[in-house]
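Below is the file model-v3.cif, which contains mmCIF, C-alpha atoms and all ligand atoms; chains and numbers go by the auth columns.
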data_coords
loop_
_atom_site.group_PDB
_atom_site.id
_atom_site.type_symbol
_atom_site.label_atom_id
_atom_site.label_comp_id
_atom_site.label_asym_id
_atom_site.label_seq_id
_atom_site.Cartn_x
_atom_site.Cartn_y
_atom_site.Cartn_z
_atom_site.B_iso_or_equiv
_atom_site.auth_seq_id
_atom_site.auth_asym_id
ATOM 1 C CA MET A 1 45.988 108.834 101.694 0.00 1335 Y
ATOM 2 C CA LYS A 2 43.495 107.950 104.408 0.00 1336 Y
ATOM 3 C CA VAL A 3 40.577 110.240 105.216 0.00 1337 Y
ATOM 4 C CA LEU A 4 38.847 110.252 108.570 0.00 1338 Y
ATOM 5 C CA VAL A 5 35.636 112.237 108.842 0.00 1339 Y
ATOM 6 C CA ILE A 6 34.425 113.467 112.192 0.00 1340 Y
ATOM 7 C CA PHE A 7 30.664 113.649 112.037 0.00 1341 Y
ATOM 8 C CA GLY A 8 27.925 114.802 114.376 0.00 1342 Y
ATOM 9 C CA PRO A 9 25.455 117.549 115.274 0.00 1343 Y
ATOM 10 C CA PRO A 10 26.459 121.115 116.146 0.00 1344 Y
ATOM 11 C CA GLY A 11 28.242 121.220 119.493 0.00 1345 Y
ATOM 12 C CA ALA A 12 29.021 117.482 119.586 0.00 1346 Y
ATOM 13 C CA GLY A 13 32.714 118.273 120.017 0.00 1347 Y
ATOM 14 C CA LYS A 14 33.877 117.616 116.460 0.00 1348 Y
ATOM 15 C CA GLY A 15 36.510 120.376 116.544 0.00 1349 Y
ATOM 16 C CA THR A 16 37.891 119.390 119.943 0.00 1350 Y
ATOM 17 C CA GLN A 17 38.065 115.673 119.170 0.00 1351 Y
ATOM 18 C CA ALA A 18 39.458 116.226 115.666 0.00 1352 Y
ATOM 19 C CA ASN A 19 42.167 118.444 117.084 0.00 1353 Y
ATOM 20 C CA LEU A 20 43.245 115.818 119.627 0.00 1354 Y
ATOM 21 C CA LEU A 21 43.039 113.024 117.099 0.00 1355 Y
ATOM 22 C CA ALA A 22 45.185 114.997 114.668 0.00 1356 Y
ATOM 23 C CA LYS A 23 47.870 115.280 117.354 0.00 1357 Y
ATOM 24 C CA ASN A 24 47.585 111.666 118.532 0.00 1358 Y
ATOM 25 C CA LYS A 25 47.575 110.087 115.076 0.00 1359 Y
ATOM 26 C CA LYS A 26 49.644 112.704 113.237 0.00 1360 Y
ATOM 27 C CA LEU A 27 46.853 113.679 110.893 0.00 1361 Y
ATOM 28 C CA LEU A 28 46.172 116.966 109.211 0.00 1362 Y
ATOM 29 C CA HIS A 29 43.098 118.583 110.785 0.00 1363 Y
ATOM 30 C CA VAL A 30 40.938 120.239 108.139 0.00 1364 Y
ATOM 31 C CA SER A 31 38.019 122.278 109.480 0.00 1365 Y
ATOM 32 C CA THR A 32 35.882 123.903 106.792 0.00 1366 Y
ATOM 33 C CA GLY A 33 34.369 126.220 109.436 0.00 1367 Y
ATOM 34 C CA GLU A 34 37.890 127.427 110.310 0.00 1368 Y
ATOM 35 C CA LEU A 35 38.807 127.829 106.634 0.00 1369 Y
ATOM 36 C CA LEU A 36 35.686 129.955 106.126 0.00 1370 Y
ATOM 37 C CA ARG A 37 36.306 132.040 109.250 0.00 1371 Y
ATOM 38 C CA LYS A 38 39.834 132.699 107.959 0.00 1372 Y
ATOM 39 C CA GLU A 39 38.431 133.900 104.611 0.00 1373 Y
ATOM 40 C CA ILE A 40 36.151 136.272 106.554 0.00 1374 Y
ATOM 41 C CA LYS A 41 38.978 137.522 108.762 0.00 1375 Y
ATOM 42 C CA ASP A 42 41.208 138.102 105.728 0.00 1376 Y
ATOM 43 C CA LYS A 43 38.336 139.936 104.007 0.00 1377 Y
ATOM 44 C CA THR A 44 38.732 137.934 100.798 0.00 1378 Y
ATOM 45 C CA ALA A 45 36.028 137.955 98.092 0.00 1379 Y
ATOM 46 C CA THR A 46 34.806 134.566 99.342 0.00 1380 Y
ATOM 47 C CA GLY A 47 34.905 135.828 102.930 0.00 1381 Y
ATOM 48 C CA LYS A 48 32.670 138.758 102.038 0.00 1382 Y
ATOM 49 C CA LYS A 49 30.249 136.425 100.271 0.00 1383 Y
ATOM 50 C CA VAL A 50 29.903 133.971 103.162 0.00 1384 Y
ATOM 51 C CA GLU A 51 30.008 136.201 106.246 0.00 1385 Y
ATOM 52 C CA LYS A 52 26.254 136.811 106.448 0.00 1386 Y
ATOM 53 C CA ILE A 53 25.481 133.136 105.805 0.00 1387 Y
ATOM 54 C CA LEU A 54 27.663 131.965 108.692 0.00 1388 Y
ATOM 55 C CA ASN A 55 25.965 134.423 111.036 0.00 1389 Y
ATOM 56 C CA THR A 56 22.549 132.910 110.304 0.00 1390 Y
ATOM 57 C CA GLY A 57 23.676 129.310 110.839 0.00 1391 Y
ATOM 58 C CA HIS A 58 22.850 128.371 107.238 0.00 1392 Y
ATOM 59 C CA TYR A 59 25.240 126.477 105.004 0.00 1393 Y
ATOM 60 C CA VAL A 60 27.352 128.161 102.369 0.00 1394 Y
ATOM 61 C CA THR A 61 26.727 126.778 98.879 0.00 1395 Y
ATOM 62 C CA ASP A 62 28.152 123.403 97.903 0.00 1396 Y
ATOM 63 C CA GLU A 63 29.928 125.130 95.044 0.00 1397 Y
ATOM 64 C CA ILE A 64 31.881 127.459 97.359 0.00 1398 Y
ATOM 65 C CA ILE A 65 32.737 124.823 99.934 0.00 1399 Y
ATOM 66 C CA ILE A 66 33.784 122.203 97.386 0.00 1400 Y
ATOM 67 C CA LYS A 67 36.040 124.743 95.670 0.00 1401 Y
ATOM 68 C CA ILE A 68 37.653 125.682 99.018 0.00 1402 Y
ATOM 69 C CA ILE A 69 38.215 122.078 100.066 0.00 1403 Y
ATOM 70 C CA LYS A 70 39.538 120.983 96.666 0.00 1404 Y
ATOM 71 C CA ASN A 71 41.990 123.891 96.570 0.00 1405 Y
ATOM 72 C CA TYR A 72 43.136 123.043 100.049 0.00 1406 Y
ATOM 73 C CA LEU A 73 43.497 119.309 99.425 0.00 1407 Y
ATOM 74 C CA ASP A 74 45.420 119.907 96.200 0.00 1408 Y
ATOM 75 C CA LYS A 75 48.105 121.611 98.259 0.00 1409 Y
ATOM 76 C CA GLN A 76 48.198 118.801 100.845 0.00 1410 Y
ATOM 77 C CA LYS A 77 48.787 115.817 98.622 0.00 1411 Y
ATOM 78 C CA ASN A 78 49.154 112.405 100.266 0.00 1412 Y
ATOM 79 C CA LYS A 79 48.706 113.530 103.849 0.00 1413 Y
ATOM 80 C CA ASP A 80 46.369 111.532 106.064 0.00 1414 Y
ATOM 81 C CA LEU A 81 43.500 113.787 107.047 0.00 1415 Y
ATOM 82 C CA ILE A 82 40.788 114.330 109.569 0.00 1416 Y
ATOM 83 C CA LEU A 83 37.910 116.284 108.036 0.00 1417 Y
ATOM 84 C CA ASP A 84 35.857 118.327 110.476 0.00 1418 Y
ATOM 85 C CA GLY A 85 32.649 119.945 109.192 0.00 1419 Y
ATOM 86 C CA PHE A 86 32.832 118.367 105.739 0.00 1420 Y
ATOM 87 C CA PRO A 87 30.902 116.780 104.092 0.00 1421 Y
ATOM 88 C CA ARG A 88 27.691 118.364 105.349 0.00 1422 Y
ATOM 89 C CA THR A 89 25.402 117.672 102.370 0.00 1423 Y
ATOM 90 C CA LEU A 90 24.820 114.719 100.066 0.00 1424 Y
ATOM 91 C CA LYS A 91 26.405 116.579 97.175 0.00 1425 Y
ATOM 92 C CA GLN A 92 29.563 117.177 99.214 0.00 1426 Y
ATOM 93 C CA ALA A 93 29.627 113.539 100.340 0.00 1427 Y
ATOM 94 C CA LYS A 94 29.334 112.274 96.772 0.00 1428 Y
ATOM 95 C CA GLU A 95 32.086 114.640 95.675 0.00 1429 Y
ATOM 96 C CA LEU A 96 34.405 113.406 98.440 0.00 1430 Y
ATOM 97 C CA PHE A 97 33.579 109.809 97.645 0.00 1431 Y
ATOM 98 C CA GLU A 98 34.537 110.459 94.009 0.00 1432 Y
ATOM 99 C CA ILE A 99 38.005 111.702 94.969 0.00 1433 Y
ATOM 100 C CA LYS A 100 38.760 109.499 97.969 0.00 1434 Y
ATOM 101 C CA LYS A 101 37.621 105.957 98.627 0.00 1435 Y
ATOM 102 C CA ASP A 102 39.645 105.256 101.760 0.00 1436 Y
ATOM 103 C CA ILE A 103 37.212 106.990 104.127 0.00 1437 Y
ATOM 104 C CA GLU A 104 36.293 106.180 107.706 0.00 1438 Y
ATOM 105 C CA VAL A 105 33.626 108.056 109.666 0.00 1439 Y
ATOM 106 C CA ILE A 106 33.574 108.745 113.397 0.00 1440 Y
ATOM 107 C CA HIS A 107 30.030 109.660 114.405 0.00 1441 Y
ATOM 108 C CA LEU A 108 29.798 111.570 117.693 0.00 1442 Y
ATOM 109 C CA VAL A 109 26.407 110.785 119.137 0.00 1443 Y
ATOM 110 C CA ALA A 110 24.732 113.316 121.447 0.00 1444 Y
ATOM 111 C CA HIS A 111 21.274 114.739 122.033 0.00 1445 Y
ATOM 112 C CA GLU A 112 20.074 118.198 121.202 0.00 1446 Y
ATOM 113 C CA GLU A 113 19.268 119.268 124.806 0.00 1447 Y
ATOM 114 C CA GLU A 114 22.809 118.490 125.978 0.00 1448 Y
ATOM 115 C CA LEU A 115 24.309 120.233 122.973 0.00 1449 Y
ATOM 116 C CA GLU A 116 22.281 123.435 123.234 0.00 1450 Y
ATOM 117 C CA GLY A 117 23.781 124.088 126.666 0.00 1451 Y
ATOM 118 C CA ARG A 118 27.283 123.417 125.361 0.00 1452 Y
ATOM 119 C CA LEU A 119 26.852 125.775 122.425 0.00 1453 Y
ATOM 120 C CA LEU A 120 25.583 128.601 124.621 0.00 1454 Y
ATOM 121 C CA LYS A 121 28.608 128.143 126.857 0.00 1455 Y
ATOM 122 C CA ARG A 122 30.896 128.202 123.805 0.00 1456 Y
ATOM 123 C CA ALA A 123 29.262 131.471 122.694 0.00 1457 Y
ATOM 124 C CA LYS A 124 30.468 133.091 125.917 0.00 1458 Y
ATOM 125 C CA ILE A 125 33.997 131.677 125.674 0.00 1459 Y
ATOM 126 C CA GLU A 126 34.737 132.002 121.957 0.00 1460 Y
ATOM 127 C CA GLY A 127 32.320 134.772 121.038 0.00 1461 Y
ATOM 128 C CA ARG A 128 31.148 132.951 117.902 0.00 1462 Y
ATOM 129 C CA THR A 129 28.430 134.936 116.191 0.00 1463 Y
ATOM 130 C CA ASP A 130 26.502 131.783 115.225 0.00 1464 Y
ATOM 131 C CA ASP A 131 26.010 130.538 118.792 0.00 1465 Y
ATOM 132 C CA THR A 132 22.862 132.488 119.739 0.00 1466 Y
ATOM 133 C CA PRO A 133 19.738 130.536 120.845 0.00 1467 Y
ATOM 134 C CA LYS A 134 17.846 131.348 117.629 0.00 1468 Y
ATOM 135 C CA VAL A 135 20.716 130.423 115.330 0.00 1469 Y
ATOM 136 C CA ILE A 136 21.460 127.262 117.321 0.00 1470 Y
ATOM 137 C CA LYS A 137 17.886 126.024 116.745 0.00 1471 Y
ATOM 138 C CA GLU A 138 18.252 126.724 113.041 0.00 1472 Y
ATOM 139 C CA ARG A 139 21.560 124.839 112.881 0.00 1473 Y
ATOM 140 C CA PHE A 140 19.981 121.735 114.444 0.00 1474 Y
ATOM 141 C CA LYS A 141 17.132 121.847 111.915 0.00 1475 Y
ATOM 142 C CA ILE A 142 19.583 122.117 109.035 0.00 1476 Y
ATOM 143 C CA TYR A 143 21.696 119.292 110.456 0.00 1477 Y
ATOM 144 C CA GLU A 144 18.659 116.999 110.603 0.00 1478 Y
ATOM 145 C CA SER A 145 17.474 117.732 107.087 0.00 1479 Y
ATOM 146 C CA GLN A 146 20.718 118.171 105.151 0.00 1480 Y
ATOM 147 C CA THR A 147 23.572 116.534 107.034 0.00 1481 Y
ATOM 148 C CA LYS A 148 22.130 113.405 108.646 0.00 1482 Y
ATOM 149 C CA PRO A 149 21.429 111.825 105.220 0.00 1483 Y
ATOM 150 C CA VAL A 150 25.196 111.902 104.625 0.00 1484 Y
ATOM 151 C CA LEU A 151 25.627 109.152 107.214 0.00 1485 Y
ATOM 152 C CA THR A 152 23.068 106.967 105.417 0.00 1486 Y
ATOM 153 C CA PHE A 153 24.887 107.601 102.134 0.00 1487 Y
ATOM 154 C CA PHE A 154 28.213 106.485 103.600 0.00 1488 Y
ATOM 155 C CA LYS A 155 26.682 103.379 105.174 0.00 1489 Y
ATOM 156 C CA LYS A 156 25.022 102.430 101.886 0.00 1490 Y
ATOM 157 C CA ASN A 157 28.391 102.732 100.187 0.00 1491 Y
ATOM 158 C CA LYS A 158 30.042 100.438 102.738 0.00 1492 Y
ATOM 159 C CA VAL A 159 32.111 103.156 104.380 0.00 1493 Y
ATOM 160 C CA LYS A 160 33.037 102.171 107.920 0.00 1494 Y
ATOM 161 C CA CYS A 161 31.002 104.386 110.306 0.00 1495 Y
ATOM 162 C CA ILE A 162 31.807 104.181 114.013 0.00 1496 Y
ATOM 163 C CA ASP A 163 29.381 105.513 116.631 0.00 1497 Y
ATOM 164 C CA VAL A 164 31.046 107.090 119.655 0.00 1498 Y
ATOM 165 C CA ASP A 165 29.195 108.498 122.663 0.00 1499 Y
ATOM 166 C CA GLY A 166 29.862 112.238 122.499 0.00 1500 Y
ATOM 167 C CA VAL A 167 28.748 112.937 126.061 0.00 1501 Y
ATOM 168 C CA GLY A 168 31.317 112.866 128.854 0.00 1502 Y
ATOM 169 C CA LYS A 169 34.883 113.938 129.528 0.00 1503 Y
ATOM 170 C CA ILE A 170 36.890 115.062 126.495 0.00 1504 Y
ATOM 171 C CA GLU A 171 39.818 112.727 127.293 0.00 1505 Y
ATOM 172 C CA LYS A 172 37.556 109.721 127.782 0.00 1506 Y
ATOM 173 C CA ILE A 173 35.849 110.280 124.430 0.00 1507 Y
ATOM 174 C CA GLN A 174 39.241 110.656 122.752 0.00 1508 Y
ATOM 175 C CA LYS A 175 40.453 107.373 124.276 0.00 1509 Y
ATOM 176 C CA GLU A 176 37.340 105.650 122.956 0.00 1510 Y
ATOM 177 C CA ILE A 177 37.954 107.043 119.481 0.00 1511 Y
ATOM 178 C CA LEU A 178 41.609 105.941 119.538 0.00 1512 Y
ATOM 179 C CA LYS A 179 40.524 102.421 120.432 0.00 1513 Y
ATOM 180 C CA LEU A 180 38.180 102.256 117.460 0.00 1514 Y
ATOM 181 C CA VAL A 181 39.982 103.893 114.535 0.00 1515 Y
HETATM 182 P P1 LIG B . 31.652 124.844 111.932 0.00 1601 R
HETATM 183 O O1 LIG B . 32.801 125.592 112.498 0.00 1601 R
HETATM 184 O O2 LIG B . 32.047 123.521 111.359 0.00 1601 R
HETATM 185 O O3 LIG B . 30.501 124.727 112.902 0.00 1601 R
HETATM 186 O O4 LIG B . 31.104 125.689 110.698 0.00 1601 R
HETATM 187 C C1 LIG B . 30.598 127.001 110.890 0.00 1601 R
HETATM 188 C C2 LIG B . 29.718 127.406 109.712 0.00 1601 R
HETATM 189 O O5 LIG B . 30.496 127.376 108.499 0.00 1601 R
HETATM 190 C C3 LIG B . 28.536 126.503 109.430 0.00 1601 R
HETATM 191 O O6 LIG B . 27.413 126.796 110.240 0.00 1601 R
HETATM 192 C C4 LIG B . 28.282 126.833 107.953 0.00 1601 R
HETATM 193 O O7 LIG B . 27.664 128.100 107.812 0.00 1601 R
HETATM 194 C C5 LIG B . 29.689 126.953 107.405 0.00 1601 R
HETATM 195 N N1 LIG B . 30.211 125.646 106.930 0.00 1601 R
HETATM 196 C C6 LIG B . 31.260 124.948 107.432 0.00 1601 R
HETATM 197 N N2 LIG B . 31.456 123.798 106.752 0.00 1601 R
HETATM 198 C C7 LIG B . 30.500 123.778 105.804 0.00 1601 R
HETATM 199 C C8 LIG B . 30.141 122.831 104.793 0.00 1601 R
HETATM 200 N N3 LIG B . 30.810 121.692 104.651 0.00 1601 R
HETATM 201 N N4 LIG B . 29.094 123.127 103.986 0.00 1601 R
HETATM 202 C C9 LIG B . 28.409 124.289 104.114 0.00 1601 R
HETATM 203 N N5 LIG B . 28.677 125.202 105.050 0.00 1601 R
HETATM 204 C C10 LIG B . 29.706 124.967 105.897 0.00 1601 R
#

Write out the structure in this file as structure tokens.
Amino acid sequence: MKVLVIFGPPGAGKGTQANLLAKNKKLLHVSTGELLRKEIKDKTATGKKVEKILNTGHYVTDEIIIKIIKNYLDKQKNKDLILDGFPRTLKQAKELFEIKKDIEVIHLVAHEEELEGRLLKRAKIEGRTDDTPKVIKERFKIYESQTKPVLTFFKKNKVKCIDVDGVGKIEKIQKEILKLV
């Protein structure tokens, strides 16, 4: 089982690119954000616990997210995956590295100013409750402090990390990714 991880700041296009890549390379697209939003929609116990957290742009606890992802992966044995939105903390990265060694990371590189505009646009289209200006700022701060170190961890552990320019046309970025993975 091969695991691709799509990595990058909020609004870098992780979901969009992961979706296309899943289709192009016949991978299973696993988005932890989507899994959480489904829990909320289905009003499960976990959903009730995490709803407020998602609305503030903060991360749900490692314990909750690791449990969700492990449960999910247990049911999807041996499928090649693209992980979108996981791992987001060092603890999550170490946990993933324990279970799977065949990991490759695609890092979508883009700057905050470009991404803020994108996220505000997405708020209008998708109506996501965590895409308000205040929450967006918070999500960037959290990304810098908690998620960026994950990339350093992977590099230190000799995981292949590929930088891809995340600014430009969706199709062009996808082509670039397909060339590199
Ligand atoms: P996303 O759709 O990937 O932007 O995720 C939306 C929200 O879900 C995030 O802002 C977090 O509140 C939560 N979330 C998703 N994945 C994780 C994760 N790996 N660790 C902690 N929280 C997460």

Give the padded box for ligand LIG 1601 (chain R) as JSON: axis-aligned, covering all atoms listed in the file, 4 Å on each side, centre and edge lengths in Å to one decimal.
{"center_x": 30.1, "center_y": 124.9, "center_z": 108.4, "size_x": 13.4, "size_y": 14.4, "size_z": 16.9}

**Item:** Residue contacts of Ala1444 (chain Y) (7 Å, only C-alpha atoms) excluding same-chain residues fewer than 4 positions away, as a ChimeraX atom specification
**Value:** /Y:1346,1499-1501

With distances taken over only C-alpha atoms and all ligand atoms, the candidate from Y:Gly1381, Y:Pro1467, Y:Gly1349, Y:Gly1419 nearest ligand LIG 1601 (chain R) is Y:Gly1419

I need the residue set behind the PyMOL selection byres (((chain Y and resi 1433) around 12) and not hetatm) for this file; please write it as a PDB file with C-alpha atoms, keeping the file's coordinate frame.
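Final output, saved to expr.pdb:
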ATOM      1  CA  MET Y1335      45.988 108.834 101.694  1.00  0.00           C
ATOM      2  CA  LYS Y1336      43.495 107.950 104.408  1.00  0.00           C
ATOM      3  CA  VAL Y1337      40.577 110.240 105.216  1.00  0.00           C
ATOM      4  CA  ILE Y1400      33.784 122.203  97.386  1.00  0.00           C
ATOM      5  CA  ILE Y1403      38.215 122.078 100.066  1.00  0.00           C
ATOM      6  CA  LYS Y1404      39.538 120.983  96.666  1.00  0.00           C
ATOM      7  CA  LEU Y1407      43.497 119.309  99.425  1.00  0.00           C
ATOM      8  CA  ASP Y1408      45.420 119.907  96.200  1.00  0.00           C
ATOM      9  CA  GLN Y1426      29.563 117.177  99.214  1.00  0.00           C
ATOM     10  CA  ALA Y1427      29.627 113.539 100.340  1.00  0.00           C
ATOM     11  CA  LYS Y1428      29.334 112.274  96.772  1.00  0.00           C
ATOM     12  CA  GLU Y1429      32.086 114.640  95.675  1.00  0.00           C
ATOM     13  CA  LEU Y1430      34.405 113.406  98.440  1.00  0.00           C
ATOM     14  CA  PHE Y1431      33.579 109.809  97.645  1.00  0.00           C
ATOM     15  CA  GLU Y1432      34.537 110.459  94.009  1.00  0.00           C
ATOM     16  CA  LYS Y1434      38.760 109.499  97.969  1.00  0.00           C
ATOM     17  CA  LYS Y1435      37.621 105.957  98.627  1.00  0.00           C
ATOM     18  CA  ASP Y1436      39.645 105.256 101.760  1.00  0.00           C
ATOM     19  CA  ILE Y1437      37.212 106.990 104.127  1.00  0.00           C
TER      20      ILE Y1437
END

Counting only C-alpha atoms and all ligand atoms, name the residues that have an atom within 7 Å of an atom of ligand LIG 1601 (chain R); the answer should be given as a ChimeraX atom specification.
/Y:1344,1365-1368,1370,1387-1388,1391-1396,1399,1418-1423,1473

In terms of all atoms listed in the file, the residue from Y:Leu1512, Y:Thr1390, Y:Lys1503, Y:Lys1382 at minimal distance from Val1469 (chain Y) is Y:Thr1390

From the list Y:Lys1494, Y:Pro1343, Y:Arg1452, Y:Glu1447, the nearest residue to Ile1476 (chain Y) using all atoms listed in the file is Y:Pro1343

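Nearest-residue note for Leu1415 (chain Y): choosing from Y:Lys1386, Y:Lys1492, Y:Lys1513, Y:Lys1357, the minimum distance belongs to Y:Lys1357, counting all atoms listed in the file.
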
Residues within 7 Å of Leu1417 (chain Y), all atoms listed in the file, excluding chain neighbours under 3 positions, as a ChimeraX atom specification
/Y:1338-1340,1363-1365,1420

Applied to this file, what does the PyMOL selection byres (((chain Y and resi 1361) around 8) and not hetatm) return in terms of residues, put as a PDB file with C-alpha atoms, in the coordinates of the input?
ATOM      1  CA  LEU Y1355      43.039 113.024 117.099  1.00  0.00           C
ATOM      2  CA  ALA Y1356      45.185 114.997 114.668  1.00  0.00           C
ATOM      3  CA  LYS Y1357      47.870 115.280 117.354  1.00  0.00           C
ATOM      4  CA  ASN Y1358      47.585 111.666 118.532  1.00  0.00           C
ATOM      5  CA  LYS Y1359      47.575 110.087 115.076  1.00  0.00           C
ATOM      6  CA  LYS Y1360      49.644 112.704 113.237  1.00  0.00           C
ATOM      7  CA  LEU Y1362      46.172 116.966 109.211  1.00  0.00           C
ATOM      8  CA  HIS Y1363      43.098 118.583 110.785  1.00  0.00           C
ATOM      9  CA  LYS Y1413      48.706 113.530 103.849  1.00  0.00           C
ATOM     10  CA  ASP Y1414      46.369 111.532 106.064  1.00  0.00           C
ATOM     11  CA  LEU Y1415      43.500 113.787 107.047  1.00  0.00           C
ATOM     12  CA  ILE Y1416      40.788 114.330 109.569  1.00  0.00           C
TER      13      ILE Y1416
END

Exercise: Glu1450 (chain Y) partners within 9 Å, only C-alpha atoms, chain neighbours under 3 positions left out, as a CSV table (one decimal) with C-alpha atoms, in the frame of the given file:
chain,number,residue,atom,x,y,z
Y,1344,PRO,CA,26.5,121.1,116.1
Y,1345,GLY,CA,28.2,121.2,119.5
Y,1445,HIS,CA,21.3,114.7,122.0
Y,1446,GLU,CA,20.1,118.2,121.2
Y,1447,GLU,CA,19.3,119.3,124.8
Y,1453,LEU,CA,26.9,125.8,122.4
Y,1454,LEU,CA,25.6,128.6,124.6
Y,1455,LYS,CA,28.6,128.1,126.9
Y,1467,PRO,CA,19.7,130.5,120.8
Y,1470,ILE,CA,21.5,127.3,117.3
Y,1471,LYS,CA,17.9,126.0,116.7

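The coordinates place CA of Gly1342 (chain Y) at 8.3 Å from CA of Lys1482 (chain Y).
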
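CA of Ala1352 (chain Y) is positioned 20.7 Å from CA of Gly1451 (chain Y).
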
Correct to one decimal, the distance CA of Leu1369 (chain Y)-CA of Thr1463 (chain Y) is 15.8 Å

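In terms of minimum interatomic distance to Gln1508 (chain Y), Y:Leu1442 ranks closest within Y:Ile1402, Y:Leu1442, Y:Leu1424, Y:Val1384, counting only C-alpha atoms.
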
Min atom-atom distance to Asn1491 (chain Y) from the set Y:Arg1462, Y:Glu1438, Y:Ile1511, Y:Lys1506, counting all atoms listed in the file, belongs to Y:Glu1438
